[in-house]
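*Asks:* The structure follows.
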Amino acid sequence: MVGTLGKGSRRQRWTNASLHVLASTVAGAGVGAVLAALGGLLPRWISLPAAVALCLAYGAMEVGVVRLPLPETGRQVPADWRYRFPMPVTATLYGALLGPGIGTRVASPSYVTLLGVVTFVSRPVAGAVLLGAYACTRATAAAILAQSLRRTPMRAISWGYALAPLWRLAAILLTCLTTGVLVAASITRHAF
């Protein structure tokens, strides 16, 4: 997918990257709104404890205490789209498929805590904002990496690996913060 965003002239690359980010953000927001609406059908006495339990369980997985299943498949995106469709269409389809993060590879257990928050304790607008922001960030990172791969491919890839411990620490801190907020919300019976 990153290779797809890095092909063509400078203008084509930025157009494809922009379409990818836009489609990813819209798809993430849509999925977030739907998950929150479905979760809103549950009573709060079930949804808040479920969100706390999910955050605690996958937070434990994030720090290596337990192994739990991740909601993922073994594939990323259909490779044949690169050959079947024009590059702008492919970039848009890849963005829409990858943006929400559901049905592709899941890189971090912290993502599951985000899904739990979106599903169990947020309203549709908040779910759209949360998962839309996640999707936008994910797609923007891929677009930036694709642009830098043209200049210095090994440096761009090694930079990502070098920052992996920092991203892991950030994911752990974010999961702990989310769990704390959910526990506080369940005690005071307020949710956003």
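Numbering starts fresh at 1 for the residues of each chain in the structure tokens, the chains themselves are lettered A, B, ... in the order given, and ligands are numbered from 1 as they appear.
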Mind checking which residues fall within 7 Å of stretch 71-80 of chain A, counting only C-alpha atoms, ignoring those fewer than 4 positions away in the same chain, and posting them as an mmCIF file with C-alpha atoms, in the first residue's frame?
*Replies:*
data_model
loop_
_atom_site.group_PDB
_atom_site.id
_atom_site.type_symbol
_atom_site.label_atom_id
_atom_site.label_comp_id
_atom_site.auth_asym_id
_atom_site.auth_seq_id
_atom_site.Cartn_x
_atom_site.Cartn_y
_atom_site.Cartn_z
ATOM 1 C CA ARG A 84 -7.286 -3.310 -11.989
ATOM 2 C CA TYR A 94 -7.052 1.286 0.146
ATOM 3 C CA ILE A 102 -11.124 -3.520 11.231
ATOM 4 C CA GLY A 103 -10.562 -6.557 9.050
ATOM 5 C CA THR A 104 -6.845 -5.956 8.486
ATOM 6 C CA ARG A 105 -3.766 -6.593 10.610
ATOM 7 C CA VAL A 106 -3.921 -5.008 14.049
#
*Asks:* Which of these residues is nearest to A:Thr113, using only C-alpha atoms: A:Ala128, A:Gly6, A:Cys55, A:Tyr83?
*Replies:*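 Counting only C-alpha atoms, the residue closest to A:Thr113 is A:Cys55.
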*Asks:* Excluding A:Val26 and its own-chain neighbours fewer than 6 positions away, which residues fall within 10 Å of it when counting only C-alpha atoms? Please give them as a PyMOL selection string.
*Replies:* chain A and resi 32+95-96+99-100+128-129+131-133+135-136
*Asks:* Could you work out how far atom CA of A:Phe120 lies from atom CA of A:Gly39, giving the answer in Å with one decimal?
*Replies:* 5.0 Å
*Asks:* Of the residues A:Pro109, A:Thr137, A:Ala126, A:Pro69, which is the one nearest to A:Leu56, using only C-alpha atoms?
*Replies:* A:Pro109
*Asks:* When distances are computed from only C-alpha atoms, which of A:Thr4, A:Ser108, A:Thr140, A:Ser148 shows the smallest separation from A:Phe85?
*Replies:*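 Residue with the minimum atom-to-atom distance to A:Phe85: A:Thr4.
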*Asks:* Identify, on the basis of only C-alpha atoms, every residue whose closest approach to A:Ala50 does not exceed 12 Å; exclude the query and any residue fewer than 2 positions from it along the same chain; express the result as a list of chain:residue names.
*Replies:*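 The residues satisfying every condition are A:Gly39, A:Leu42, A:Pro43, A:Arg44, A:Trp45, A:Ile46, A:Ser47, A:Leu48, A:Val52, A:Ala53, A:Leu54, A:Cys55, A:Leu56, A:Ala57, A:Thr113, A:Leu115, A:Gly116, A:Val117, A:Val118, A:Thr119, A:Phe120, A:Val121, A:Thr179, A:Leu182, A:Val183, A:Ser186.
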*Asks:* Keeping N, CA and C atoms for every residue in the selection just given, could you write it to a file as a PDB file, in the first residue's frame?
*Replies:*
ATOM      1  N   GLY A  39     -23.346   0.183  20.185  1.00  0.00           N
ATOM      2  CA  GLY A  39     -23.045   0.105  21.612  1.00  0.00           C
ATOM      3  C   GLY A  39     -24.046   0.872  22.454  1.00  0.00           C
ATOM      4  N   LEU A  42     -26.936  -0.863  24.267  1.00  0.00           N
ATOM      5  CA  LEU A  42     -26.733  -1.577  25.533  1.00  0.00           C
ATOM      6  C   LEU A  42     -26.981  -0.637  26.710  1.00  0.00           C
ATOM      7  N   PRO A  43     -27.491  -1.165  27.820  1.00  0.00           N
ATOM      8  CA  PRO A  43     -27.628  -0.311  29.003  1.00  0.00           C
ATOM      9  C   PRO A  43     -26.258   0.049  29.573  1.00  0.00           C
ATOM     10  N   ARG A  44     -26.154   1.223  30.189  1.00  0.00           N
ATOM     11  CA  ARG A  44     -24.882   1.704  30.736  1.00  0.00           C
ATOM     12  C   ARG A  44     -24.317   0.765  31.796  1.00  0.00           C
ATOM     13  N   TRP A  45     -25.163   0.071  32.536  1.00  0.00           N
ATOM     14  CA  TRP A  45     -24.651  -0.809  33.587  1.00  0.00           C
ATOM     15  C   TRP A  45     -23.895  -2.001  32.995  1.00  0.00           C
ATOM     16  N   ILE A  46     -24.083  -2.256  31.702  1.00  0.00           N
ATOM     17  CA  ILE A  46     -23.318  -3.297  31.010  1.00  0.00           C
ATOM     18  C   ILE A  46     -22.152  -2.678  30.248  1.00  0.00           C
ATOM     19  N   SER A  47     -22.392  -1.574  29.566  1.00  0.00           N
ATOM     20  CA  SER A  47     -21.391  -1.034  28.652  1.00  0.00           C
ATOM     21  C   SER A  47     -20.152  -0.470  29.350  1.00  0.00           C
ATOM     22  N   LEU A  48     -20.306   0.265  30.434  1.00  0.00           N
ATOM     23  CA  LEU A  48     -19.132   0.815  31.118  1.00  0.00           C
ATOM     24  C   LEU A  48     -18.239  -0.278  31.703  1.00  0.00           C
ATOM     25  N   VAL A  52     -14.311  -1.082  30.617  1.00  0.00           N
ATOM     26  CA  VAL A  52     -13.218  -1.159  31.598  1.00  0.00           C
ATOM     27  C   VAL A  52     -12.521  -2.513  31.500  1.00  0.00           C
ATOM     28  N   ALA A  53     -13.298  -3.596  31.441  1.00  0.00           N
ATOM     29  CA  ALA A  53     -12.720  -4.943  31.343  1.00  0.00           C
ATOM     30  C   ALA A  53     -11.883  -5.097  30.071  1.00  0.00           C
ATOM     31  N   LEU A  54     -12.399  -4.580  28.970  1.00  0.00           N
ATOM     32  CA  LEU A  54     -11.671  -4.653  27.700  1.00  0.00           C
ATOM     33  C   LEU A  54     -10.349  -3.885  27.792  1.00  0.00           C
ATOM     34  N   CYS A  55     -10.397  -2.696  28.366  1.00  0.00           N
ATOM     35  CA  CYS A  55      -9.173  -1.894  28.508  1.00  0.00           C
ATOM     36  C   CYS A  55      -8.168  -2.572  29.426  1.00  0.00           C
ATOM     37  N   LEU A  56      -8.627  -3.133  30.532  1.00  0.00           N
ATOM     38  CA  LEU A  56      -7.712  -3.831  31.436  1.00  0.00           C
ATOM     39  C   LEU A  56      -7.100  -5.062  30.772  1.00  0.00           C
ATOM     40  N   ALA A  57      -7.923  -5.839  30.074  1.00  0.00           N
ATOM     41  CA  ALA A  57      -7.429  -7.062  29.436  1.00  0.00           C
ATOM     42  C   ALA A  57      -6.411  -6.753  28.340  1.00  0.00           C
ATOM     43  N   THR A 113      -8.604  -1.352  22.690  1.00  0.00           N
ATOM     44  CA  THR A 113      -9.165  -0.484  23.732  1.00  0.00           C
ATOM     45  C   THR A 113      -9.883   0.706  23.103  1.00  0.00           C
ATOM     46  N   LEU A 115     -11.412   0.659  20.200  1.00  0.00           N
ATOM     47  CA  LEU A 115     -12.686   0.116  19.725  1.00  0.00           C
ATOM     48  C   LEU A 115     -13.673  -0.051  20.876  1.00  0.00           C
ATOM     49  N   GLY A 116     -13.171  -0.474  22.033  1.00  0.00           N
ATOM     50  CA  GLY A 116     -14.031  -0.625  23.199  1.00  0.00           C
ATOM     51  C   GLY A 116     -14.614   0.699  23.655  1.00  0.00           C
ATOM     52  N   VAL A 117     -13.778   1.722  23.693  1.00  0.00           N
ATOM     53  CA  VAL A 117     -14.257   3.051  24.086  1.00  0.00           C
ATOM     54  C   VAL A 117     -15.299   3.541  23.090  1.00  0.00           C
ATOM     55  N   VAL A 118     -15.003   3.406  21.815  1.00  0.00           N
ATOM     56  CA  VAL A 118     -15.933   3.864  20.776  1.00  0.00           C
ATOM     57  C   VAL A 118     -17.262   3.109  20.879  1.00  0.00           C
ATOM     58  N   THR A 119     -17.189   1.808  21.054  1.00  0.00           N
ATOM     59  CA  THR A 119     -18.399   0.992  21.058  1.00  0.00           C
ATOM     60  C   THR A 119     -19.219   1.135  22.339  1.00  0.00           C
ATOM     61  N   PHE A 120     -18.548   1.091  23.474  1.00  0.00           N
ATOM     62  CA  PHE A 120     -19.286   0.978  24.724  1.00  0.00           C
ATOM     63  C   PHE A 120     -19.587   2.290  25.440  1.00  0.00           C
ATOM     64  N   VAL A 121     -18.782   3.314  25.252  1.00  0.00           N
ATOM     65  CA  VAL A 121     -19.023   4.510  26.064  1.00  0.00           C
ATOM     66  C   VAL A 121     -19.159   5.805  25.284  1.00  0.00           C
ATOM     67  N   THR A 179      -8.156   3.613  30.527  1.00  0.00           N
ATOM     68  CA  THR A 179      -8.723   2.783  31.586  1.00  0.00           C
ATOM     69  C   THR A 179      -9.080   3.628  32.803  1.00  0.00           C
ATOM     70  N   LEU A 182     -12.201   5.616  32.114  1.00  0.00           N
ATOM     71  CA  LEU A 182     -13.384   4.751  32.128  1.00  0.00           C
ATOM     72  C   LEU A 182     -13.773   4.338  33.543  1.00  0.00           C
ATOM     73  N   VAL A 183     -12.784   4.033  34.375  1.00  0.00           N
ATOM     74  CA  VAL A 183     -13.079   3.684  35.762  1.00  0.00           C
ATOM     75  C   VAL A 183     -13.725   4.875  36.463  1.00  0.00           C
ATOM     76  N   SER A 186     -17.234   5.213  35.265  1.00  0.00           N
ATOM     77  CA  SER A 186     -18.145   4.206  35.813  1.00  0.00           C
ATOM     78  C   SER A 186     -18.469   4.492  37.269  1.00  0.00           C
TER      79      SER A 186
END
*Asks:* Report the residues of stretch 1-174 of chain A whose backbone DSSP state falls under helix (DSSP H, G or I), written as a ChimeraX atom specification.
*Replies:* /A:2-5,10-39,44-62,81-84,87-98,110-121,124-151,153-162,164-174
*Asks:* My list of candidates is A:Pro88, A:Gly40, A:Leu98, A:Val112. Which is closest to A:Leu70 when distances are computed with only C-alpha atoms?
*Replies:*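 Among the listed residues, the smallest separation from A:Leu70 belongs to A:Val112.
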